[in-house]
>>> print(open('coords.txt').read())   # compact mmCIF, C-alpha atoms
# COMPACT_ATOMS: atom_id res chain seq x y z
CA MET A 1 -88.37 -14.85 -75.74
CA SER A 2 -91.13 -14.31 -73.19
CA THR A 3 -90.98 -15.55 -69.62
CA ILE A 4 -93.26 -18.54 -69.06
CA ALA A 5 -94.79 -19.90 -65.88
CA ALA A 6 -96.53 -23.13 -64.96
CA ILE A 7 -97.23 -25.45 -62.06
CA SER A 8 -94.58 -28.09 -62.61
CA THR A 9 -95.74 -30.62 -60.01
CA PRO A 10 -99.33 -29.94 -58.95
CA ALA A 11 -100.23 -31.46 -55.61
CA GLY A 12 -103.30 -31.89 -53.49
CA VAL A 13 -103.82 -30.57 -50.00
CA GLY A 14 -100.93 -31.53 -47.71
CA GLY A 15 -98.37 -31.96 -50.47
CA ILE A 16 -95.80 -29.70 -52.09
CA ALA A 17 -96.22 -28.02 -55.47
CA VAL A 18 -93.49 -26.44 -57.60
CA ILE A 19 -94.27 -23.40 -59.74
CA ARG A 20 -91.60 -22.67 -62.32
CA LEU A 21 -90.69 -19.45 -64.12
CA SER A 22 -88.29 -19.46 -67.07
CA GLY A 23 -87.19 -16.63 -69.34
CA PRO A 24 -85.29 -13.33 -69.45
CA ASP A 25 -87.64 -11.60 -66.99
CA ALA A 26 -87.93 -14.49 -64.52
CA PHE A 27 -85.99 -12.72 -61.76
CA ASN A 28 -87.78 -9.39 -62.28
CA ILE A 29 -91.21 -11.01 -62.11
CA ALA A 30 -90.34 -13.16 -59.09
CA THR A 31 -88.91 -10.24 -57.06
CA GLN A 32 -92.20 -8.38 -57.39
CA HIS A 33 -93.61 -10.94 -54.94
CA LEU A 34 -90.53 -12.38 -53.21
CA ALA A 35 -87.65 -10.77 -51.34
CA ILE A 36 -84.89 -12.88 -52.91
CA HIS A 37 -81.41 -12.32 -54.28
CA PRO A 38 -80.89 -14.08 -57.62
CA PRO A 39 -77.52 -15.82 -58.12
CA GLN A 40 -74.75 -14.14 -60.09
CA GLY A 41 -72.86 -17.27 -61.18
CA PRO A 42 -73.30 -20.93 -62.14
CA GLN A 43 -74.36 -22.15 -58.69
CA PRO A 44 -78.11 -22.00 -57.94
CA SER A 45 -79.34 -20.33 -54.77
CA THR A 46 -82.07 -21.63 -52.49
CA GLN A 47 -83.76 -19.22 -50.09
CA TYR A 48 -86.67 -19.12 -47.70
CA ALA A 49 -89.13 -16.36 -48.65
CA ARG A 50 -92.68 -15.13 -48.24
CA PHE A 51 -94.82 -14.87 -51.35
CA GLN A 52 -96.99 -11.76 -51.25
CA CYS A 53 -99.67 -10.46 -53.55
CA ALA A 54 -100.98 -6.88 -53.17
CA GLY A 55 -99.41 -6.75 -49.70
CA GLN A 56 -101.14 -9.95 -48.57
CA LEU A 57 -99.12 -12.98 -47.47
CA ILE A 58 -100.06 -15.96 -49.62
CA ASP A 59 -97.56 -18.58 -48.46
CA GLU A 60 -94.15 -19.19 -46.97
CA VAL A 61 -92.10 -20.85 -49.68
CA MET A 62 -88.66 -22.14 -50.67
CA VAL A 63 -87.26 -20.50 -53.81
CA THR A 64 -84.47 -21.93 -55.98
CA SER A 65 -83.02 -19.60 -58.62
CA TYR A 66 -80.80 -20.47 -61.57
CA CYS A 67 -78.84 -17.98 -63.65
CA ALA A 68 -78.71 -18.50 -67.42
CA PRO A 69 -77.33 -20.62 -68.98
CA HIS A 70 -76.96 -22.83 -65.89
CA SER A 71 -80.53 -24.18 -65.78
CA PHE A 72 -82.61 -26.90 -67.39
CA THR A 73 -83.94 -24.52 -70.04
CA GLY A 74 -80.71 -22.52 -70.39
CA GLU A 75 -82.62 -19.40 -69.28
CA HIS A 76 -83.03 -17.52 -65.99
CA THR A 77 -85.23 -19.86 -63.94
CA VAL A 78 -87.04 -19.53 -60.62
CA GLU A 79 -88.68 -22.53 -58.94
CA ILE A 80 -91.13 -21.78 -56.11
CA SER A 81 -91.90 -24.70 -53.78
CA CYS A 82 -95.18 -23.90 -52.04
CA HIS A 83 -97.75 -25.76 -49.97
CA GLY A 84 -100.09 -27.98 -51.93
CA SER A 85 -103.28 -26.01 -51.31
CA LEU A 86 -105.08 -25.57 -54.62
CA TYR A 87 -105.88 -22.00 -53.59
CA VAL A 88 -102.21 -21.25 -52.86
CA GLN A 89 -101.06 -22.79 -56.16
CA GLN A 90 -103.63 -20.92 -58.21
CA THR A 91 -103.09 -17.58 -56.45
CA ILE A 92 -99.30 -17.70 -56.90
CA LEU A 93 -99.62 -18.68 -60.56
CA GLU A 94 -102.20 -15.98 -61.28
CA SER A 95 -100.01 -13.38 -59.54
CA LEU A 96 -97.03 -14.29 -61.68
CA LEU A 97 -99.12 -14.14 -64.84
CA ALA A 98 -100.48 -10.72 -63.83
CA SER A 99 -96.90 -9.52 -63.34
CA GLY A 100 -95.88 -10.27 -66.91
CA ALA A 101 -95.38 -13.99 -67.29
CA ILE A 102 -97.36 -16.05 -69.79
CA MET A 103 -98.74 -19.56 -69.28
CA ALA A 104 -96.42 -22.27 -70.56
CA GLN A 105 -97.68 -24.60 -73.28
CA PRO A 106 -97.31 -28.39 -72.93
CA GLY A 107 -93.66 -29.32 -73.23
CA GLU A 108 -92.49 -25.71 -73.58
CA PHE A 109 -89.83 -25.93 -70.85
CA THR A 110 -88.28 -28.98 -72.53
CA GLN A 111 -88.63 -27.38 -75.96
CA ARG A 112 -86.72 -24.33 -74.74
CA ALA A 113 -84.02 -26.62 -73.36
CA PHE A 114 -83.70 -28.09 -76.86
CA LEU A 115 -83.74 -24.73 -78.62
CA ASN A 116 -81.09 -23.39 -76.22
CA GLY A 117 -78.80 -26.36 -76.81
CA LYS A 118 -79.22 -27.98 -73.39
CA LEU A 119 -80.66 -31.17 -74.90
CA ASP A 120 -80.68 -32.64 -78.37
CA LEU A 121 -84.03 -33.71 -79.82
CA SER A 122 -83.66 -37.37 -78.92
CA GLN A 123 -82.87 -36.42 -75.31
CA ALA A 124 -85.90 -34.13 -75.22
CA GLU A 125 -88.09 -37.04 -76.32
CA ALA A 126 -86.50 -39.15 -73.59
CA VAL A 127 -87.82 -36.68 -70.99
CA ALA A 128 -91.38 -37.60 -71.97
CA ASP A 129 -90.49 -41.31 -71.96
CA LEU A 130 -88.98 -40.93 -68.49
CA ILE A 131 -92.17 -39.28 -67.21
CA ASP A 132 -94.26 -42.07 -68.75
CA SER A 133 -92.05 -44.93 -67.55
CA THR A 134 -93.93 -47.50 -65.49
CA ASN A 135 -91.30 -50.16 -64.87
CA GLU A 136 -87.55 -50.69 -64.56
CA GLY A 137 -87.16 -51.65 -68.22
CA ASN A 138 -88.64 -48.58 -69.91
CA HIS A 139 -87.15 -46.36 -67.19
CA ALA A 140 -83.66 -47.67 -68.05
CA LEU A 141 -84.29 -47.05 -71.76
CA ALA A 142 -85.38 -43.47 -71.09
CA ILE A 143 -82.37 -42.77 -68.85
CA SER A 144 -80.01 -44.19 -71.48
CA GLN A 145 -81.51 -41.97 -74.15
CA LEU A 146 -81.56 -38.93 -71.87
CA ARG A 147 -77.82 -39.38 -71.34
CA GLY A 148 -77.22 -39.35 -75.08
CA GLY A 149 -77.63 -43.02 -75.95
CA TYR A 150 -76.77 -43.76 -79.55
CA ALA A 151 -77.37 -40.17 -80.73
CA LYS A 152 -73.78 -39.15 -79.96
CA GLN A 153 -72.45 -41.97 -82.14
CA LEU A 154 -74.69 -41.01 -85.04
CA ALA A 155 -73.91 -37.30 -84.66
CA SER A 156 -70.17 -38.05 -84.85
CA LEU A 157 -70.60 -40.17 -87.96
CA ARG A 158 -72.84 -37.54 -89.50
CA GLN A 159 -70.15 -34.91 -89.00
CA GLN A 160 -67.66 -37.07 -90.87
CA PHE A 161 -70.13 -37.44 -93.70
CA VAL A 162 -70.63 -33.69 -93.78
CA GLU A 163 -66.91 -33.26 -94.37
CA LEU A 164 -66.89 -35.90 -97.11
CA THR A 165 -69.93 -34.37 -98.76
CA SER A 166 -68.17 -31.01 -98.79
CA LEU A 167 -65.18 -32.60 -100.54
CA LEU A 168 -67.45 -34.26 -103.12
CA GLU A 169 -69.18 -30.96 -103.79
CA LEU A 170 -65.77 -29.33 -104.14
CA GLU A 171 -65.03 -31.83 -106.90
CA LEU A 172 -68.04 -30.49 -108.78
CA ASP A 173 -66.34 -27.11 -108.95
CA PHE A 174 -63.33 -28.74 -110.58
CA SER A 175 -65.21 -31.24 -112.73
CA ASP A 176 -63.43 -30.04 -115.89
CA GLU A 177 -60.06 -30.93 -114.37
CA ASP A 178 -61.06 -34.52 -113.50
CA VAL A 179 -59.75 -34.47 -109.91
CA GLU A 180 -60.95 -36.31 -106.79
CA PHE A 181 -60.77 -34.65 -103.38
CA ALA A 182 -62.65 -37.38 -101.51
CA ASP A 183 -61.09 -40.81 -101.03
CA ARG A 184 -63.64 -43.29 -102.43
CA GLN A 185 -62.40 -46.05 -100.14
CA GLN A 186 -62.95 -43.75 -97.15
CA ILE A 187 -66.53 -43.18 -98.30
CA TYR A 188 -67.08 -46.95 -98.61
CA THR A 189 -65.67 -47.47 -95.11
CA LEU A 190 -67.93 -44.81 -93.59
CA ILE A 191 -70.97 -46.16 -95.44
CA ASP A 192 -70.29 -49.65 -94.10
CA THR A 193 -69.77 -48.29 -90.56
CA ILE A 194 -73.02 -46.32 -90.52
CA LEU A 195 -74.96 -49.11 -92.22
CA ALA A 196 -73.76 -51.58 -89.58
CA GLN A 197 -74.71 -49.29 -86.69
CA CYS A 198 -78.06 -48.31 -88.19
CA THR A 199 -78.92 -51.94 -88.95
CA GLN A 200 -77.99 -53.02 -85.43
CA LEU A 201 -80.14 -50.27 -83.93
CA CYS A 202 -83.09 -51.11 -86.18
CA GLN A 203 -82.82 -54.76 -85.17
CA SER A 204 -82.96 -53.69 -81.51
CA PHE A 205 -86.24 -51.84 -82.09
CA HIS A 206 -88.21 -55.08 -81.70
CA LEU A 207 -86.82 -55.39 -78.17
CA GLY A 208 -86.96 -51.68 -77.35
CA ASN A 209 -90.55 -51.26 -78.51
CA ALA A 210 -91.59 -54.29 -76.48
CA ILE A 211 -89.87 -52.97 -73.33
CA LYS A 212 -91.40 -49.52 -73.82
CA HIS A 213 -94.99 -50.56 -74.56
CA GLY A 214 -95.21 -54.04 -73.05
CA VAL A 215 -94.82 -57.47 -74.61
CA PRO A 216 -98.08 -58.98 -75.98
CA VAL A 217 -98.27 -62.66 -75.00
CA ALA A 218 -101.05 -64.88 -76.39
CA ILE A 219 -102.06 -67.88 -74.26
CA VAL A 220 -103.14 -70.44 -76.86
CA GLY A 221 -104.34 -74.04 -76.96
CA ARG A 222 -107.29 -76.36 -77.35
CA PRO A 223 -110.32 -75.91 -75.10
CA ASN A 224 -110.00 -76.83 -71.43
CA VAL A 225 -106.20 -77.16 -71.29
CA GLY A 226 -105.84 -74.57 -68.51
CA LYS A 227 -105.39 -71.27 -70.35
CA SER A 228 -107.72 -69.28 -68.07
CA THR A 229 -106.30 -70.97 -64.99
CA LEU A 230 -102.80 -69.93 -66.06
CA LEU A 231 -103.88 -66.31 -66.66
CA ASN A 232 -105.46 -66.16 -63.19
CA ALA A 233 -102.32 -67.65 -61.61
CA LEU A 234 -100.01 -65.19 -63.38
CA VAL A 235 -101.97 -62.04 -62.52
CA GLY A 236 -102.91 -63.24 -59.04
CA GLU A 237 -106.68 -62.81 -59.32
CA GLU A 238 -109.73 -64.38 -60.93
CA ARG A 239 -109.69 -62.49 -64.23
CA ALA A 240 -111.08 -65.33 -66.35
CA ILE A 241 -113.88 -67.80 -65.67
CA VAL A 242 -112.55 -71.31 -65.08
CA SER A 243 -114.82 -74.27 -65.80
CA ASP A 244 -114.56 -77.93 -66.73
CA ILE A 245 -116.93 -77.18 -69.60
CA ALA A 246 -114.98 -76.82 -72.84
CA GLY A 247 -115.40 -73.54 -74.70
CA THR A 248 -116.09 -71.37 -71.64
CA THR A 249 -113.82 -68.58 -72.90
CA ARG A 250 -115.47 -66.99 -75.93
CA ASP A 251 -113.53 -63.75 -76.14
CA THR A 252 -110.01 -62.55 -75.47
CA ILE A 253 -109.26 -61.43 -71.90
CA GLU A 254 -106.21 -59.27 -71.17
CA ASP A 255 -104.17 -58.29 -68.13
CA THR A 256 -100.60 -57.15 -67.47
CA ILE A 257 -97.86 -58.06 -65.03
CA THR A 258 -94.25 -56.89 -64.69
CA LEU A 259 -91.49 -59.50 -64.63
CA ASN A 260 -87.85 -58.54 -64.10
CA GLY A 261 -88.63 -54.94 -65.01
CA ILE A 262 -90.49 -55.83 -68.24
CA THR A 263 -94.26 -55.45 -68.68
CA PHE A 264 -96.02 -58.41 -70.28
CA ARG A 265 -99.56 -58.11 -71.60
CA PHE A 266 -101.17 -61.56 -71.37
CA ILE A 267 -104.10 -62.38 -73.64
CA ASP A 268 -106.25 -65.38 -72.73
CA THR A 269 -107.84 -66.71 -75.92
CA ALA A 270 -110.74 -68.95 -76.80
CA GLY A 271 -109.83 -72.63 -77.22
CA LEU A 272 -108.87 -73.61 -80.76
CA ARG A 273 -111.22 -76.14 -82.28
CA HIS A 274 -113.87 -76.44 -85.00
CA SER A 275 -117.16 -75.22 -83.58
CA GLN A 276 -120.71 -74.86 -84.90
CA ASP A 277 -121.52 -72.34 -82.19
CA THR A 278 -121.62 -68.86 -83.75
CA ILE A 279 -120.41 -66.99 -80.67
CA GLU A 280 -117.60 -69.45 -79.97
CA SER A 281 -116.51 -69.26 -83.63
CA LEU A 282 -116.22 -65.49 -83.34
CA GLY A 283 -114.11 -65.96 -80.22
CA ILE A 284 -111.81 -68.37 -82.08
CA GLN A 285 -111.40 -65.82 -84.90
CA ARG A 286 -110.32 -63.28 -82.29
CA SER A 287 -107.87 -65.85 -80.94
CA PHE A 288 -106.16 -66.00 -84.34
CA ARG A 289 -106.01 -62.20 -84.47
CA ALA A 290 -104.42 -62.17 -81.00
CA ILE A 291 -101.83 -64.69 -82.19
CA GLU A 292 -101.01 -62.52 -85.20
CA GLN A 293 -100.49 -59.45 -82.99
CA ALA A 294 -98.56 -61.23 -80.22
CA GLN A 295 -94.79 -61.35 -79.94
CA VAL A 296 -94.83 -64.40 -77.68
CA ILE A 297 -97.06 -67.47 -78.01
CA LEU A 298 -97.62 -69.64 -74.95
CA TYR A 299 -98.97 -72.84 -76.45
CA LEU A 300 -100.62 -75.00 -73.79
CA THR A 301 -101.47 -78.68 -74.05
CA ASP A 302 -102.40 -81.42 -71.61
CA GLN A 303 -101.48 -84.15 -74.11
CA PRO A 304 -97.68 -84.08 -74.67
CA GLN A 305 -97.82 -86.92 -77.19
CA SER A 306 -99.92 -84.82 -79.60
CA LEU A 307 -97.96 -81.56 -79.20
CA THR A 308 -96.13 -81.81 -82.55
CA GLN A 309 -99.37 -82.43 -84.42
CA GLU A 310 -101.12 -79.54 -82.65
CA LEU A 311 -98.33 -77.12 -83.52
CA GLN A 312 -98.39 -78.23 -87.15
CA GLN A 313 -102.12 -77.54 -87.29
CA LEU A 314 -101.62 -74.13 -85.67
CA SER A 315 -98.88 -73.15 -88.15
CA CYS A 316 -101.22 -74.02 -91.03
CA GLN A 317 -103.86 -71.65 -89.65
CA VAL A 318 -101.72 -68.66 -88.67
CA SER A 319 -98.13 -67.53 -89.28
CA LEU A 320 -95.77 -67.99 -86.32
CA GLN A 321 -92.81 -66.40 -88.11
CA GLY A 322 -90.88 -63.91 -86.00
CA LYS A 323 -92.68 -64.92 -82.79
CA GLN A 324 -91.24 -66.56 -79.71
CA LEU A 325 -93.03 -69.88 -79.21
CA ILE A 326 -93.03 -71.40 -75.71
CA THR A 327 -94.68 -74.81 -75.34
CA VAL A 328 -96.22 -75.61 -71.97
CA ILE A 329 -97.45 -78.94 -70.62
CA THR A 330 -100.28 -78.17 -68.20
CA LYS A 331 -101.88 -79.78 -65.19
CA GLY A 332 -98.59 -81.45 -64.18
CA LEU A 333 -99.75 -84.62 -65.93
CA SER A 334 -96.26 -85.89 -66.81
CA PRO A 335 -92.78 -85.41 -65.36
CA ALA A 336 -90.65 -82.78 -67.06
CA GLU A 337 -87.98 -85.29 -68.15
CA SER A 338 -90.53 -87.23 -70.26
CA ASN A 339 -91.75 -84.19 -72.20
CA PRO A 340 -90.47 -82.97 -75.59
CA GLN A 341 -87.24 -80.97 -75.36
CA GLY A 342 -87.75 -77.28 -74.59
CA THR A 343 -91.22 -77.61 -73.09
CA ILE A 344 -92.14 -76.43 -69.61
CA THR A 345 -94.32 -78.44 -67.26
CA ILE A 346 -96.62 -76.47 -64.98
CA SER A 347 -99.57 -76.88 -62.70
CA ALA A 348 -101.27 -73.50 -62.47
CA ARG A 349 -103.61 -74.73 -59.72
CA GLU A 350 -100.69 -75.91 -57.58
CA GLY A 351 -98.41 -73.04 -58.62
CA THR A 352 -95.61 -75.34 -59.78
CA GLY A 353 -93.49 -74.51 -62.82
CA LEU A 354 -94.60 -70.87 -62.96
CA ASP A 355 -91.17 -69.53 -61.93
CA CYS A 356 -89.57 -71.47 -64.78
CA LEU A 357 -92.18 -70.13 -67.21
CA CYS A 358 -91.62 -66.53 -66.08
CA GLN A 359 -87.86 -66.98 -66.41
CA ARG A 360 -88.27 -68.23 -69.99
CA LEU A 361 -90.49 -65.24 -70.80
CA THR A 362 -88.00 -62.67 -69.57
CA GLN A 363 -84.90 -64.24 -71.14
CA ALA A 364 -85.58 -62.83 -74.61
CA TYR A 365 -86.39 -59.36 -73.28
CA THR A 366 -83.51 -58.87 -70.84
CA THR A 367 -80.34 -57.46 -72.34
CA THR A 368 -77.13 -58.69 -70.73
CA ASP A 369 -75.28 -55.48 -71.69
CA ARG A 370 -76.98 -52.54 -70.02
CA HIS A 371 -74.69 -50.17 -71.97
CA GLN A 372 -75.71 -51.50 -75.40
CA PRO A 373 -77.96 -48.91 -77.13
CA ILE A 374 -81.52 -50.08 -77.74
CA LEU A 375 -83.88 -48.29 -80.09
CA SER A 376 -87.39 -47.71 -78.74
CA ASN A 377 -88.59 -44.57 -80.56
CA ILE A 378 -90.63 -45.16 -83.72
CA ARG A 379 -89.56 -41.79 -85.19
CA HIS A 380 -85.91 -42.74 -84.82
CA TYR A 381 -86.58 -46.17 -86.30
CA GLU A 382 -88.23 -44.71 -89.39
CA ALA A 383 -85.41 -42.15 -89.78
CA LEU A 384 -82.77 -44.88 -89.61
CA GLN A 385 -84.65 -46.95 -92.18
CA ARG A 386 -84.48 -43.96 -94.53
CA VAL A 387 -80.76 -43.54 -93.77
CA ILE A 388 -80.14 -47.17 -94.73
CA ALA A 389 -82.10 -46.78 -97.97
CA ALA A 390 -80.23 -43.59 -98.93
CA LEU A 391 -76.80 -45.07 -98.10
CA ASN A 392 -77.53 -48.13 -100.21
CA LEU A 393 -78.25 -45.78 -103.11
CA VAL A 394 -74.94 -43.99 -102.46
CA ARG A 395 -73.11 -47.32 -102.57
CA GLN A 396 -74.89 -48.31 -105.78
CA GLY A 397 -73.97 -44.97 -107.32
CA LEU A 398 -70.30 -45.42 -106.43
CA ASP A 399 -70.30 -48.99 -107.73
CA GLN A 400 -71.79 -47.81 -111.02
CA SER A 401 -69.44 -44.78 -111.23
CA LEU A 402 -72.38 -42.38 -111.44
CA PRO A 403 -71.63 -38.65 -111.72
CA THR A 404 -70.59 -37.08 -108.41
CA ASP A 405 -73.58 -34.72 -108.33
CA LEU A 406 -75.98 -37.70 -108.31
CA VAL A 407 -74.05 -39.43 -105.52
CA VAL A 408 -74.12 -36.21 -103.47
CA ILE A 409 -77.93 -36.05 -103.70
CA ASP A 410 -78.31 -39.45 -102.00
CA LEU A 411 -75.54 -38.66 -99.51
CA ARG A 412 -77.32 -35.47 -98.47
CA GLU A 413 -80.54 -37.46 -98.09
CA ALA A 414 -78.78 -39.79 -95.65
CA LEU A 415 -77.33 -36.82 -93.78
CA HIS A 416 -80.75 -35.21 -93.51
CA HIS A 417 -82.31 -38.27 -91.88
CA LEU A 418 -79.36 -38.82 -89.54
CA GLY A 419 -79.60 -35.22 -88.38
CA SER A 420 -83.36 -35.42 -87.88
CA ILE A 421 -82.87 -37.85 -84.97
CA THR A 422 -80.93 -35.41 -82.80
CA GLY A 423 -82.50 -32.24 -84.16
CA GLN A 424 -79.60 -31.03 -86.29
CA VAL A 425 -82.20 -31.04 -89.05
CA THR A 426 -85.78 -30.38 -88.02
CA THR A 427 -89.02 -28.59 -88.85
CA HIS A 428 -91.77 -26.87 -86.89
CA GLU A 429 -94.06 -29.82 -87.73
CA ILE A 430 -91.65 -32.30 -86.14
CA LEU A 431 -91.24 -30.15 -83.02
CA GLY A 432 -95.00 -29.72 -82.69
CA ALA A 433 -95.61 -33.45 -83.00
CA ILE A 434 -92.98 -34.23 -80.35
CA PHE A 435 -93.71 -31.63 -77.68
CA HIS A 436 -97.52 -31.55 -77.81
CA ARG A 437 -97.69 -34.83 -75.87
CA PHE A 438 -95.80 -33.37 -72.87
CA CYS A 439 -97.70 -32.17 -69.82
CA ILE A 440 -97.83 -28.50 -68.88
CA GLY A 441 -94.89 -27.68 -66.62
CA LYS A 442 -92.41 -29.84 -68.56
>>> encode(input="coords.txt", output="structure tokens")
Amino acid sequence: MSTIAAISTPAGVGGIAVIRLSGPDAFNIATQHLAIHPPQGPQPSTQYARFQCAGQLIDEVMVTSYCAPHSFTGEHTVEISCHGSLYVQQTILESLLASGAIMAQPGEFTQRAFLNGKLDLSQAEAVADLIDSTNEGNHALAISQLRGGYAKQLASLRQQFVELTSLLELELDFSDEDVEFADRQQIYTLIDTILAQCTQLCQSFHLGNAIKHGVPVAIVGRPNVGKSTLLNALVGEERAIVSDIAGTTRDTIEDTITLNGITFRFIDTAGLRHSQDTIESLGIQRSFRAIEQAQVILYLTDQPQSLTQELQQLSCQVSLQGKQLITVITKGLSPAESNPQGTITISAREGTGLDCLCQRLTQAYTTTDRHQPILSNIRHYEALQRVIAALNLVRQGLDQSLPTDLVVIDLREALHHLGSITGQVTTHEILGAIFHRFCIGK
């Protein structure tokens, strides 16, 4: 495998950049420009050196060398920390390329770590998620997955299924003798165990996907109940026009804030009412689309006595199934104890009640058990759905006493999809789809 080079952390003037070499010739290429002594054992070595090109001093650098397999990629690796001058970065990189290295492709360092057994495929994907993390919530998810997450559990269960599948296939060789090598009750037990874990993980995807990409929250209600005022109060700036004239908002307005490590994407919608105005009607249609796409509905009203009727009308116009509905009494018009149970009283202008509202928002998206695996990767979710479908077919086949060779087909299908999560089963197409989104240098 060729030695690759890339600027791992490009920096502007005044900063520090890291240029990384990885591959069998990494030490040979680096020593053409640096007077360093590569390590001979598992411990990396860090040395001060001068990088030279054609006898000319380019920069004074710090060099950290790793001997295979004791590096991120599992290969000989040299990391050159140089000054952030664009000229210095480019000259060092071009010198290394001229000495035999080739330019790394996006994600190639992480891909080599996977191919060399340093990471499984789910951990490799977590590297990209870690780089992209923007808040505490999706950072914690990425770290959990990078450390193995649920993949170790599934890999262990998969190995047990491999052994059982081998026993079932052995039965096929002795089909004329009518013997069973695999305990059917053991197969049922394993199927139930994997189904339970896969189902639990799939159910957590709703939470994990929301934490990873942000929770869409639609601010809904009749005209002039304070929806735009609430949006402005939450984001801390005048994002939406506020007016006493009903129907001011005629389109959806979005902004994001982070609460307790979770990103929420708030969508201010046009007031819900029957309107003859063409533009306002279009805005109301977009409001219904925003409600359909949202995971949380903040329903605002300034008339607590009509709240039940308003919600009934809303449910007739758009499905609220599977969404978290939070009812909010606005403008502080009535004391909290006189409002319907579960509602929150706020005054966005005065800033009262907002802490309570934010607490209610984060409750559903804050896990109390930080060690509980949460699924956030759509590829893993789809793979687990296929595992569940295949295992249900295996169970049906056993219940119906189908021939062993038919049961084995469905069992191998489940094994295939379990293995695809961690990379025990993979294809070039899957690898290409995963690693192409990485930046160069990772």
>>> atom_distance(input="coords.txt", atom1="CA of Asp355 (chain A)", atom2="CA of Ile219 (chain A)")
16.5 Å
>>> residues_around(input="coords.txt", residues="Ile421 (chain A)", least_positions_apart="3", cutoff="10 Å", atoms="all atoms listed in the file", output="PyMOL selection string")
chain A and resi 120-123+151+154-155+377+379-384+416-418+424-426
>>> closest_residue(input="coords.txt", among="A:Leu172, A:Ile344, A:Leu167, A:Cys198", to="Gln186 (chain A)", atoms="all atoms listed in the file")
A:Leu167
>>> closest_residue(input="coords.txt", among="A:Glu169, A:Glu350, A:Glu310, A:Asp183", to="Pro403 (chain A)", atoms="only C-alpha atoms")
A:Glu169
>>> closest_atom_pairs(input="coords.txt", of="region 343-363 of chain A", to="region 286-299 of chain A", cutoff="10 Å", atoms="only C-alpha atoms", output="tab-separated table")
residue	atom	partner	partner_atom	distance
A:Thr343	CA	A:Tyr299	CA	9.7
A:Leu357	CA	A:Leu298	CA	9.5
A:Leu361	CA	A:Val296	CA	8.2
>>> residues_around(input="coords.txt", residues="Thr64 (chain A)", least_positions_apart="5", cutoff="10 Å", atoms="only C-alpha atoms", output="number ranges by chain")
A: 20, 36, 38-39, 44-48, 77-81
>>> write_last_selection(input="coords.txt", atoms="C-alpha atoms", output="compact mmCIF listing (two decimals), keeping the file's coordinate frame")
# COMPACT_ATOMS: atom_id res chain seq x y z
CA ARG A 20 -91.60 -22.67 -62.32
CA ILE A 36 -84.89 -12.88 -52.91
CA PRO A 38 -80.89 -14.08 -57.62
CA PRO A 39 -77.52 -15.82 -58.12
CA PRO A 44 -78.11 -22.00 -57.94
CA SER A 45 -79.34 -20.33 -54.77
CA THR A 46 -82.07 -21.63 -52.49
CA GLN A 47 -83.76 -19.22 -50.09
CA TYR A 48 -86.67 -19.12 -47.70
CA THR A 77 -85.23 -19.86 -63.94
CA VAL A 78 -87.04 -19.53 -60.62
CA GLU A 79 -88.68 -22.53 -58.94
CA ILE A 80 -91.13 -21.78 -56.11
CA SER A 81 -91.90 -24.70 -53.78
>>> closest_residue(input="coords.txt", among="A:Ile143, A:Gly74, A:Ala210, A:Leu96", to="Lys118 (chain A)", atoms="all atoms listed in the file")
A:Gly74
>>> residues_around(input="coords.txt", residues="Val407 (chain A)", least_positions_apart="3", cutoff="6 Å", atoms="all atoms listed in the file", output="list in words")
Val394, Gly397, Thr404 and Asp410 of chain A
>>> atom_distance(input="coords.txt", atom1="CA of Ser133 (chain A)", atom2="CA of Thr256 (chain A)")
14.9 Å
>>> closest_residue(input="coords.txt", among="A:Ala17, A:Cys356, A:Met1, A:Leu234", to="Glu108 (chain A)", atoms="all atoms listed in the file")
A:Met1
>>> atom_distance(input="coords.txt", atom1="CA of Met62 (chain A)", atom2="CA of Phe109 (chain A)")
20.6 Å
>>> closest_residue(input="coords.txt", among="A:Ala5, A:Gln359, A:Gln153, A:Tyr66", to="Gln90 (chain A)", atoms="all atoms listed in the file")
A:Ala5
>>> closest_residue(input="coords.txt", among="A:Ile262, A:Leu375, A:Ile4, A:Ile16", to="Gln197 (chain A)", atoms="all atoms listed in the file")
A:Leu375
>>> residues_near_point(input="coords.txt", point="(-99.6, -60.1, -67.6)", cutoff="9 Å", atoms="only C-alpha atoms", output="number ranges by chain")
A: 215-217, 231, 234-235, 254-259, 263-267
>>> write_last_selection(input="coords.txt", atoms="C-alpha atoms", output="compact mmCIF listing (two decimals), in the frame of the given file")
# COMPACT_ATOMS: atom_id res chain seq x y z
CA VAL A 215 -94.82 -57.47 -74.61
CA PRO A 216 -98.08 -58.98 -75.98
CA VAL A 217 -98.27 -62.66 -75.00
CA LEU A 231 -103.88 -66.31 -66.66
CA LEU A 234 -100.01 -65.19 -63.38
CA VAL A 235 -101.97 -62.04 -62.52
CA GLU A 254 -106.21 -59.27 -71.17
CA ASP A 255 -104.17 -58.29 -68.13
CA THR A 256 -100.60 -57.15 -67.47
CA ILE A 257 -97.86 -58.06 -65.03
CA THR A 258 -94.25 -56.89 -64.69
CA LEU A 259 -91.49 -59.50 -64.63
CA THR A 263 -94.26 -55.45 -68.68
CA PHE A 264 -96.02 -58.41 -70.28
CA ARG A 265 -99.56 -58.11 -71.60
CA PHE A 266 -101.17 -61.56 -71.37
CA ILE A 267 -104.10 -62.38 -73.64
>>> residues_near_point(input="coords.txt", point="(-87.8, -25.6, -68.5)", cutoff="12 Å", atoms="all atoms listed in the file", output="ChimeraX atom specification")
/A:3-8,19-23,26,66,68-79,104-116,118-119,124,127,438-442
>>> residues_around(input="coords.txt", residues="region 156-158 of chain A", least_positions_apart="5", cutoff="12 Å", atoms="all atoms listed in the file", output="count of residues only")
31
